[in-house]
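Here the structure comes first, spelled out in structure tokens, and everything after it is commentary.
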Amino acid sequence: MRKITLSQAVNEAFAEEMRRDERVFIMGEDVAEAGTPFKILSGLVEEFGTNRVIDTPISEPGFMGMGVGAAMTGMRPVVDLMFGDFIFLVMDQLCNQAAKTHYMSGGKLSVPMVLRTNLGATRRSAAQHSQSLHALVAHIPGIKVALPSSAYEAKGLLKTAIRDDNPVVIFEDKLMYQDKAEVPEEEYTIPFGVANVKREGTDITLIGTSSMVQVCERAAEMLAAEGISAEVIDPRTIVPLDEATLIASAKKTSRVIVVDEGHQSFGVTSEIASRINEKAFYHLDAPALRIGAMDVPIPFSPALEDLTVPTADLVADKARKLVRGELINAA
Amino acid sequence: MSTNKPAKSADELLRMYRQMVRIRSFEDNANQLYLSAKMPGLTHMYSGEEAVAVGICEALTPTDKITSTHRGHGHCVAKGAELDTMFCELLGKAEGYCRGKGGSMHIADQSNGNLGANAIVGGSMGIATGSALSSKLRGSDEVTVCFFGDGATAQGLMYEVMNMAALWNLPVIYACENNGYSEYTKTEEIAAGSITARAEAFGIESFQVDGQDVLAVNALSEELVARCRNGEGPFFMELMTYRYHGHHVGDINREYYRAKEEEADWKTNKDPIIRLRGYLIENGIATEEEIDGINDQIKKTAEDAVQYALAAPYPDASEVDMHVFTDIKHAVA
């Protein structure tokens with residue numbers, strides 16, 4: 001099968017969905033001729049014109065709010081937020097407006113829009129361009145949250161997001177834009193709420209999101225060399241969450257580590273580990289563990305920044321100890 | 001009353017009168033529901049500002065859109081809502097416009113183009129401007145009116161969206177209801193410079209109008225709506241008006257920020273309903289008796305609507321996790 005970059009996969013998803021449905025349009029900073037700073041949208045304005053690939057002023061709350069209004073009145077906007085860190089700027093429009101409109105109107109109004117943005121540290125961009133803030137969004141009922149882990153997921157999940165009648169936030173890892181993966185030429189979508197078992201195993205389950213799936217896969221390789229069989233699961237969406245697949249794997253392997261690039265405290269790892277501890281308790285040989293980003297603002301210096309994110313070495317080390325029974329009561 | 005306006009038919013004038021009285025009657029009853037502890041939560045009265053909502057909404061069609069505010073009952077009635085369904089919403093009943101999930105501050109009426117009240121001051125300015133963008137992208141001639149108060153001019157969102165509306169010639173009318181008070185503070189203490197100059201800075205044509213004169217409001221609205229449909233938007237209106245009650249129904253002792261004499265002056269000398277009543281009689285459109293008859297009939301309709309809503313059932317407990325998502329029937333299964 002052909003291999004394309006995550007960036008190309010996103011571009012293809014847009015082109016296909018915009019050809020399929022004329023209500024779909026993109027709005028954000030430097031999305032048209034510039035194609036975003038990451039050049040992901042290059043070529044779209046040439047095909048679809050400036051009425052469907054709309055450059056906005058640097059007014060995140062303004063164009064986010066306009067996306068909500070356009071979605072409520074018959075359009076299917078994709079709002080492009082240049083960096084995930086800017087989500088703090090649009091919180092009112094996202095969480096007080098988009099997330100609640102369907103509920104507050106008793107189901108009469110809906111907001112079929114996508115907020116497309118990114119996450120991920122180690123790009124040496126410091127504390128305001130490196131955060132992974134998806135847990136904040138997932139905390140608010142009424143928003144779906146997708147976390148693609150490769151070019152294949154990026155395309156399939158974005159197409160599903162655009163077709164969804166609810167607000168969806170999709171976070172791409174900005175360090176993966178040039179990573180290639182097998183992506184079929186033919187049409188496909190990936191359903192929300194269906195986890196992907198990337199690798200089967202029997203001794204421990206490693207649940208990873210976004211680029212942490214690759215971290216877990218590398219850890220699994222290291223563990224395999226030592227005779228430890230690790231299962232790797234990618235939830236692909238955290239809202240909705242495919243709890244059944246995660247719980248079934250936990251019951252099978254009896255040990256779980258959850259790896260996510262958001263801050264560890266009050267985050268995605270805490271939520272998933274908690275659910276497993278609640279729902280698979282009698283099947284576990286150890287409490288489900290969390291590995292998130294260190295609870296510090298992301299530092300600039302490479303010497304410091306690399307210490308803040310989960311690595312395959314760290315995951316493998318924790319997994320080894322968990323399998324040996326060393327981390328019980330000491331996690 | 002104002003002059004130099006397009007002639008309105010007797011039917012149109014009487015309809016405007018009825019709509020204003022419907023709003024006043026709705027609010028009088030909502031206030032009583034609060035004072036008698038029959039309504040959960042609290043609410044913000046539109047009484048005194050009726051000419052603004054009615055003057056504007058009478059210039060719109062049912063498919064034109066509005067966004068509303070926490071002080072939004074007037075907009076909802078003026079855009080065509082039914083009083084019984086509105087009271088059901090205020091009382092949290094299943095037959096309410098939002099099945100009791102929104103209440104006073106989130107009432108929405110999609111069937112008449114009301115995209116909803118908003119409990120975040122200025123929170124709907126993006127939605128209104130996006131609705132206008134949608135209209136333009138769809139090639140529709142729908143116009144969107146964004147209602148907000150003078151207090152909302154302090155929100156940054158307004159400047160972001162007015163900039164984009166002006167850049168892209170969107171069919172939106174920003175309707176600033178200047179009632180002189182930003183919650184419990186005089187507007188002059190929170191707003192530097194002029195209100196209309198804010199929009200003029202973006203090249204948006206702006207107007208100040210007597211918001212107690214429904215005919216003046218309607219004449220200006222008719223003109224601006226037509227110009228919006230003709231691709232000449234956006235526009236900005238500052239409507240000088242007054243709220244008879246406090247910021248909300250519980251704001252009763254308010255002399256520390258507003259004199260009783262001032263309130264009495266507006267109620268006696270500038271009331272929009274009294275003014276239109278006088279115009280109708282002077283111009284032979286209706287007699288005193290006919291107008292009293294209209295008032296009595298609407299009063300009864302509103303009282304019947306209250307009784308209907310009081311007797312109506314609450315939503316079933318199973319609805320609590322419905323409508324979180326469009327495609328997941330119960331979000332907390």
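Letters A, B, ... mark the chains of the structure tokens in the order given; residue numbers begin at 1 per chain; ligand numbers begin at 1, in order shown.
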message = Could you list, as a list in words, every residue within 7 Å of stretch 91-106 of chain B, counting only C-alpha atoms and ignoring same-chain residues fewer than 5 positions away?
response = Tyr103, Met104, Ser105 and Gly106 of chain A; Met39, Pro40, Thr43, His70, Thr85, Met86, Gly116, Ala117, Asn118, Ala119, Ala312, Pro313, Tyr314 and Pro315 of chain B
task = Provide as a VMD selection string the residues of chain A at most 8 Å from chain B, counting only C-alpha atoms.
result = chain A and resid 23 51 56 to 57 59 61 to 75 92 to 93 97 100 102 to 110 141 to 143 165 to 166
Within 12 Å of A:Thr122, counting only C-alpha atoms, which residues show up once you throw out same-chain ones fewer than 6 positions away? Write them as a PDB file with N, CA and C atoms, in the first residue's frame, please.
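Now in out-v1.pdb:
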ATOM      1  N   HIS A 129       3.497  27.036  23.188  1.00  0.00           N
ATOM      2  CA  HIS A 129       3.282  26.414  21.879  1.00  0.00           C
ATOM      3  C   HIS A 129       3.564  24.912  21.938  1.00  0.00           C
ATOM      4  N   SER A 130       3.433  24.313  23.108  1.00  0.00           N
ATOM      5  CA  SER A 130       3.844  22.909  23.246  1.00  0.00           C
ATOM      6  C   SER A 130       2.866  22.064  24.052  1.00  0.00           C
ATOM      7  N   GLN A 131       1.762  22.665  24.469  1.00  0.00           N
ATOM      8  CA  GLN A 131       0.898  21.937  25.402  1.00  0.00           C
ATOM      9  C   GLN A 131       0.007  20.913  24.701  1.00  0.00           C
ATOM     10  N   SER A 132      -0.425  19.946  25.480  1.00  0.00           N
ATOM     11  CA  SER A 132      -1.372  18.922  25.021  1.00  0.00           C
ATOM     12  C   SER A 132      -2.609  19.053  25.905  1.00  0.00           C
ATOM     13  N   ASP A 173      -0.731  15.537  16.438  1.00  0.00           N
ATOM     14  CA  ASP A 173       0.573  15.799  17.063  1.00  0.00           C
ATOM     15  C   ASP A 173       1.452  16.530  16.054  1.00  0.00           C
ATOM     16  N   LYS A 174       1.854  17.747  16.395  1.00  0.00           N
ATOM     17  CA  LYS A 174       2.552  18.581  15.421  1.00  0.00           C
ATOM     18  C   LYS A 174       3.937  18.050  15.072  1.00  0.00           C
ATOM     19  N   LEU A 175       4.439  17.075  15.831  1.00  0.00           N
ATOM     20  CA  LEU A 175       5.726  16.473  15.477  1.00  0.00           C
ATOM     21  C   LEU A 175       5.571  15.318  14.500  1.00  0.00           C
ATOM     22  N   MET A 176       4.319  14.960  14.212  1.00  0.00           N
ATOM     23  CA  MET A 176       4.089  13.799  13.340  1.00  0.00           C
ATOM     24  C   MET A 176       3.724  14.188  11.908  1.00  0.00           C
ATOM     25  N   SER A 211       0.684  10.432  19.608  1.00  0.00           N
ATOM     26  CA  SER A 211       2.042   9.925  19.347  1.00  0.00           C
ATOM     27  C   SER A 211       2.517   8.979  20.447  1.00  0.00           C
ATOM     28  N   GLU A 261       0.211  12.457  26.470  1.00  0.00           N
ATOM     29  CA  GLU A 261       1.136  13.580  26.553  1.00  0.00           C
ATOM     30  C   GLU A 261       0.571  14.793  27.292  1.00  0.00           C
ATOM     31  N   ALA A 293       2.581  13.815  30.838  1.00  0.00           N
ATOM     32  CA  ALA A 293       3.652  14.809  30.826  1.00  0.00           C
ATOM     33  C   ALA A 293       3.859  15.297  32.259  1.00  0.00           C
ATOM     34  N   ILE A 298       5.891  23.536  29.987  1.00  0.00           N
ATOM     35  CA  ILE A 298       6.917  22.932  29.128  1.00  0.00           C
ATOM     36  C   ILE A 298       8.092  23.915  29.003  1.00  0.00           C
ATOM     37  N   PRO A 299       9.299  23.487  29.410  1.00  0.00           N
ATOM     38  CA  PRO A 299      10.453  24.391  29.350  1.00  0.00           C
ATOM     39  C   PRO A 299      11.037  24.486  27.937  1.00  0.00           C
ATOM     40  N   PHE A 300      11.758  25.560  27.678  1.00  0.00           N
ATOM     41  CA  PHE A 300      12.357  25.747  26.350  1.00  0.00           C
ATOM     42  C   PHE A 300      13.593  24.871  26.140  1.00  0.00           C
ATOM     43  N   SER A 301      14.524  24.897  27.083  1.00  0.00           N
ATOM     44  CA  SER A 301      15.816  24.230  26.889  1.00  0.00           C
ATOM     45  C   SER A 301      15.630  22.752  26.565  1.00  0.00           C
ATOM     46  N   PRO A 302      16.209  22.291  25.456  1.00  0.00           N
ATOM     47  CA  PRO A 302      16.095  20.868  25.110  1.00  0.00           C
ATOM     48  C   PRO A 302      16.513  19.963  26.262  1.00  0.00           C
ATOM     49  N   ALA A 303      17.501  20.397  27.021  1.00  0.00           N
ATOM     50  CA  ALA A 303      17.977  19.574  28.138  1.00  0.00           C
ATOM     51  C   ALA A 303      16.881  19.351  29.169  1.00  0.00           C
ATOM     52  N   LEU A 304      15.996  20.334  29.285  1.00  0.00           N
ATOM     53  CA  LEU A 304      14.892  20.218  30.240  1.00  0.00           C
ATOM     54  C   LEU A 304      13.634  19.655  29.587  1.00  0.00           C
ATOM     55  N   GLU A 305      13.341  20.128  28.377  1.00  0.00           N
ATOM     56  CA  GLU A 305      12.075  19.741  27.746  1.00  0.00           C
ATOM     57  C   GLU A 305      11.963  18.225  27.608  1.00  0.00           C
ATOM     58  N   ASP A 306      13.058  17.582  27.213  1.00  0.00           N
ATOM     59  CA  ASP A 306      13.006  16.133  26.995  1.00  0.00           C
ATOM     60  C   ASP A 306      12.685  15.354  28.272  1.00  0.00           C
ATOM     61  N   LEU A 307      12.908  15.992  29.407  1.00  0.00           N
ATOM     62  CA  LEU A 307      12.602  15.309  30.670  1.00  0.00           C
ATOM     63  C   LEU A 307      11.104  15.282  30.971  1.00  0.00           C
ATOM     64  N   THR A 308      10.346  16.144  30.261  1.00  0.00           N
ATOM     65  CA  THR A 308       8.939  16.328  30.656  1.00  0.00           C
ATOM     66  C   THR A 308       7.981  15.378  29.966  1.00  0.00           C
ATOM     67  N   VAL A 309       8.398  14.749  28.856  1.00  0.00           N
ATOM     68  CA  VAL A 309       7.447  13.928  28.093  1.00  0.00           C
ATOM     69  C   VAL A 309       7.725  12.440  28.290  1.00  0.00           C
ATOM     70  N   PRO A 310       6.683  11.623  28.228  1.00  0.00           N
ATOM     71  CA  PRO A 310       6.883  10.174  28.363  1.00  0.00           C
ATOM     72  C   PRO A 310       7.742   9.632  27.218  1.00  0.00           C
ATOM     73  N   THR A 311       8.613   8.701  27.535  1.00  0.00           N
ATOM     74  CA  THR A 311       9.466   8.069  26.516  1.00  0.00           C
ATOM     75  C   THR A 311       9.283   6.555  26.569  1.00  0.00           C
TER      76      THR A 311
END
message = Report as a list in words all protein, DNA and RNA residues lying within 10 Å of stretch 317-320 of chain A, evaluated on only C-alpha atoms, omitting residues in the same chain fewer than 6 positions from it.
response = Asp203, Ile204, Thr205, Leu206, Ala219, Ala220, Met222, Leu223, Glu226, Ile228, Ala230, Arg255, Val256, Ile257, Leu289, Arg290, Ile291, Thr311, Glu326, Leu327 and Ala331 of chain A
Using N, CA and C atoms, can you write the selected residues to a file as a PDB file, in the first residue's frame?
ATOM      1  N   ASP A 203       0.858 -10.110  28.886  1.00  0.00           N
ATOM      2  CA  ASP A 203       1.382  -9.798  30.224  1.00  0.00           C
ATOM      3  C   ASP A 203       0.985  -8.419  30.735  1.00  0.00           C
ATOM      4  N   ILE A 204       0.852  -7.475  29.829  1.00  0.00           N
ATOM      5  CA  ILE A 204       0.563  -6.105  30.241  1.00  0.00           C
ATOM      6  C   ILE A 204      -0.092  -5.354  29.084  1.00  0.00           C
ATOM      7  N   THR A 205      -0.985  -4.431  29.421  1.00  0.00           N
ATOM      8  CA  THR A 205      -1.632  -3.598  28.400  1.00  0.00           C
ATOM      9  C   THR A 205      -1.055  -2.189  28.467  1.00  0.00           C
ATOM     10  N   LEU A 206      -0.587  -1.688  27.327  1.00  0.00           N
ATOM     11  CA  LEU A 206      -0.125  -0.304  27.239  1.00  0.00           C
ATOM     12  C   LEU A 206      -1.151   0.470  26.420  1.00  0.00           C
ATOM     13  N   ALA A 219       8.155   0.656  23.298  1.00  0.00           N
ATOM     14  CA  ALA A 219       8.329   0.013  24.605  1.00  0.00           C
ATOM     15  C   ALA A 219       7.991  -1.471  24.509  1.00  0.00           C
ATOM     16  N   ALA A 220       6.924  -1.775  23.758  1.00  0.00           N
ATOM     17  CA  ALA A 220       6.510  -3.174  23.606  1.00  0.00           C
ATOM     18  C   ALA A 220       7.596  -3.997  22.924  1.00  0.00           C
ATOM     19  N   MET A 222      10.850  -3.407  23.066  1.00  0.00           N
ATOM     20  CA  MET A 222      11.902  -3.589  24.062  1.00  0.00           C
ATOM     21  C   MET A 222      11.513  -4.696  25.037  1.00  0.00           C
ATOM     22  N   LEU A 223      10.244  -4.677  25.456  1.00  0.00           N
ATOM     23  CA  LEU A 223       9.782  -5.669  26.425  1.00  0.00           C
ATOM     24  C   LEU A 223       9.765  -7.069  25.801  1.00  0.00           C
ATOM     25  N   GLU A 226      12.731  -9.028  26.063  1.00  0.00           N
ATOM     26  CA  GLU A 226      12.997  -9.564  27.407  1.00  0.00           C
ATOM     27  C   GLU A 226      11.976 -10.626  27.799  1.00  0.00           C
ATOM     28  N   ILE A 228       8.639 -10.237  27.782  1.00  0.00           N
ATOM     29  CA  ILE A 228       7.374  -9.695  28.315  1.00  0.00           C
ATOM     30  C   ILE A 228       6.468  -9.350  27.134  1.00  0.00           C
ATOM     31  N   ALA A 230       3.534  -7.457  25.614  1.00  0.00           N
ATOM     32  CA  ALA A 230       2.708  -6.268  25.877  1.00  0.00           C
ATOM     33  C   ALA A 230       1.656  -6.091  24.797  1.00  0.00           C
ATOM     34  N   ARG A 255      -2.529  -6.185  33.960  1.00  0.00           N
ATOM     35  CA  ARG A 255      -1.689  -5.015  34.280  1.00  0.00           C
ATOM     36  C   ARG A 255      -1.875  -3.960  33.191  1.00  0.00           C
ATOM     37  N   VAL A 256      -1.911  -2.709  33.591  1.00  0.00           N
ATOM     38  CA  VAL A 256      -2.170  -1.636  32.612  1.00  0.00           C
ATOM     39  C   VAL A 256      -1.315  -0.413  32.915  1.00  0.00           C
ATOM     40  N   ILE A 257      -0.748   0.161  31.849  1.00  0.00           N
ATOM     41  CA  ILE A 257      -0.152   1.501  31.952  1.00  0.00           C
ATOM     42  C   ILE A 257      -0.831   2.377  30.903  1.00  0.00           C
ATOM     43  N   LEU A 289      -1.455   2.083  36.086  1.00  0.00           N
ATOM     44  CA  LEU A 289      -0.526   3.206  36.282  1.00  0.00           C
ATOM     45  C   LEU A 289      -0.747   4.301  35.258  1.00  0.00           C
ATOM     46  N   ARG A 290      -0.358   5.513  35.631  1.00  0.00           N
ATOM     47  CA  ARG A 290      -0.448   6.666  34.720  1.00  0.00           C
ATOM     48  C   ARG A 290       0.953   7.147  34.348  1.00  0.00           C
ATOM     49  N   ILE A 291       1.147   7.455  33.077  1.00  0.00           N
ATOM     50  CA  ILE A 291       2.350   8.196  32.677  1.00  0.00           C
ATOM     51  C   ILE A 291       1.891   9.337  31.774  1.00  0.00           C
ATOM     52  N   THR A 311       8.613   8.701  27.535  1.00  0.00           N
ATOM     53  CA  THR A 311       9.466   8.069  26.516  1.00  0.00           C
ATOM     54  C   THR A 311       9.283   6.555  26.569  1.00  0.00           C
ATOM     55  N   GLU A 326       6.888  -4.986  41.411  1.00  0.00           N
ATOM     56  CA  GLU A 326       7.657  -4.051  42.247  1.00  0.00           C
ATOM     57  C   GLU A 326       6.937  -2.738  42.506  1.00  0.00           C
ATOM     58  N   LEU A 327       5.931  -2.429  41.665  1.00  0.00           N
ATOM     59  CA  LEU A 327       5.330  -1.093  41.791  1.00  0.00           C
ATOM     60  C   LEU A 327       4.047  -1.083  42.606  1.00  0.00           C
ATOM     61  N   ALA A 331       3.588   3.004  43.421  1.00  0.00           N
ATOM     62  CA  ALA A 331       3.499   3.717  42.149  1.00  0.00           C
ATOM     63  C   ALA A 331       3.428   5.197  42.366  1.00  0.00           C
TER      64      ALA A 331
END
task = List every residue of stretch 49-109 of chain A that DSSP, applied to the backbone, labels as helix (DSSP H, G or I), and write the result as a ChimeraX atom specification.
result = /A:60-72,84-104
Distance in Å - atom CA of B:Arg277 versus atom CA of B:Asp210 = 16.8 Å
request  = List every residue of stretch 94-169 of chain A that DSSP, applied to the backbone of this structure, places in strand (DSSP E), and write the result as a PyMOL selection string.
outcome  = chain A and resi 114-119+144-146+168-169
ask   = Skipping near chain neighbours, those fewer than 6 positions away, what residues fall within 10 Å of B:Val225 using only C-alpha atoms, listed as JSON, numbers by chain?
value = {"B": [56, 59, 60, 64, 141, 142, 143, 144, 145, 171, 172, 173, 231, 232, 233, 234, 235]}
Atoms to include: N, CA and C atoms. Write the selected residues as a short mmCIF file (atom, residue, chain, number, x, y, z; two decimals), in the first residue's frame.
data_model
loop_
_atom_site.label_atom_id
_atom_site.label_comp_id
_atom_site.auth_asym_id
_atom_site.auth_seq_id
_atom_site.Cartn_x
_atom_site.Cartn_y
_atom_site.Cartn_z
N ILE B 56 -37.66 46.07 15.76
CA ILE B 56 -36.69 45.35 14.92
C ILE B 56 -37.30 44.08 14.34
N ALA B 59 -39.48 43.96 11.36
CA ALA B 59 -38.83 44.20 10.07
C ALA B 59 -38.21 42.92 9.52
N LEU B 60 -38.33 41.83 10.27
CA LEU B 60 -37.70 40.56 9.88
C LEU B 60 -38.74 39.55 9.43
N ASP B 64 -35.32 34.95 8.97
CA ASP B 64 -34.21 35.78 9.45
C ASP B 64 -33.87 35.33 10.86
N ASP B 141 -30.74 35.20 1.42
CA ASP B 141 -30.87 36.63 1.72
C ASP B 141 -31.25 36.87 3.19
N GLU B 142 -31.11 35.84 4.02
CA GLU B 142 -31.42 35.99 5.44
C GLU B 142 -30.51 37.04 6.09
N VAL B 143 -31.12 37.79 7.00
CA VAL B 143 -30.39 38.78 7.78
C VAL B 143 -30.36 38.30 9.23
N THR B 144 -29.27 38.57 9.93
CA THR B 144 -29.19 38.22 11.35
C THR B 144 -29.09 39.49 12.17
N VAL B 145 -29.89 39.56 13.23
CA VAL B 145 -29.79 40.67 14.18
C VAL B 145 -29.19 40.15 15.47
N PRO B 171 -24.30 40.23 6.30
CA PRO B 171 -25.65 40.75 6.54
C PRO B 171 -26.06 40.62 8.00
N VAL B 172 -25.41 41.40 8.85
CA VAL B 172 -25.71 41.35 10.28
C VAL B 172 -25.93 42.77 10.78
N ILE B 173 -26.90 42.90 11.68
CA ILE B 173 -27.17 44.19 12.33
C ILE B 173 -26.88 44.02 13.81
N GLY B 231 -26.73 43.35 0.25
CA GLY B 231 -25.28 43.19 0.34
C GLY B 231 -24.55 44.39 0.92
N GLU B 232 -25.28 45.29 1.60
CA GLU B 232 -24.64 46.50 2.11
C GLU B 232 -24.27 46.41 3.59
N GLY B 233 -24.53 45.25 4.23
CA GLY B 233 -24.23 45.13 5.66
C GLY B 233 -22.75 45.16 5.92
N PRO B 234 -22.33 45.15 7.18
CA PRO B 234 -23.15 45.15 8.40
C PRO B 234 -23.55 46.57 8.82
N PHE B 235 -24.45 46.64 9.82
CA PHE B 235 -24.85 47.92 10.40
C PHE B 235 -24.85 47.82 11.93
#
task = Find the residues around stretch 307-310 of chain B up to 7 Å (only C-alpha atoms counted), leave out those fewer than 5 positions away in its own chain, and share them as number ranges by chain.
result = B: 84, 87-88
Take the selection from the previous step and output its residues with N, CA and C atoms, as a PDB file, in the first residue's frame.
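Output file result15.pdb follows:
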ATOM      1  N   ASP B  84     -47.415  30.289  26.096  1.00  0.00           N
ATOM      2  CA  ASP B  84     -47.530  29.102  26.959  1.00  0.00           C
ATOM      3  C   ASP B  84     -46.257  28.253  26.895  1.00  0.00           C
ATOM      4  N   PHE B  87     -43.634  30.082  28.952  1.00  0.00           N
ATOM      5  CA  PHE B  87     -43.786  29.904  30.410  1.00  0.00           C
ATOM      6  C   PHE B  87     -43.388  28.488  30.827  1.00  0.00           C
ATOM      7  N   CYS B  88     -43.710  27.509  29.981  1.00  0.00           N
ATOM      8  CA  CYS B  88     -43.291  26.141  30.291  1.00  0.00           C
ATOM      9  C   CYS B  88     -41.767  26.093  30.432  1.00  0.00           C
TER      10      CYS B  88
END
inquiry  = List as a ChimeraX atom specification the protein and nucleic acid residues near A:Phe192, meaning an atom at most 8 Å away when only C-alpha atoms are counted, but skip any in the same chain fewer than 2 places from it.
reply    = /A:146,157,160,190,194,236-237,240
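If you measure from each of A:Asp30, A:Glu186, A:Glu200, A:Asp260 to A:Met1 using only C-alpha atoms, the closest one turns out to be A:Glu186.
Our summary of the geometry notes that atom CA of B:Phe147 is positioned 19.5 Å from atom CA of B:Lys186.
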query = Interatomic distance between atom CA of A:Asp21 and atom CA of A:Val78?
reply =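 According to the coordinates, atom CA of A:Asp21 and atom CA of A:Val78 are separated by 12.6 Å.
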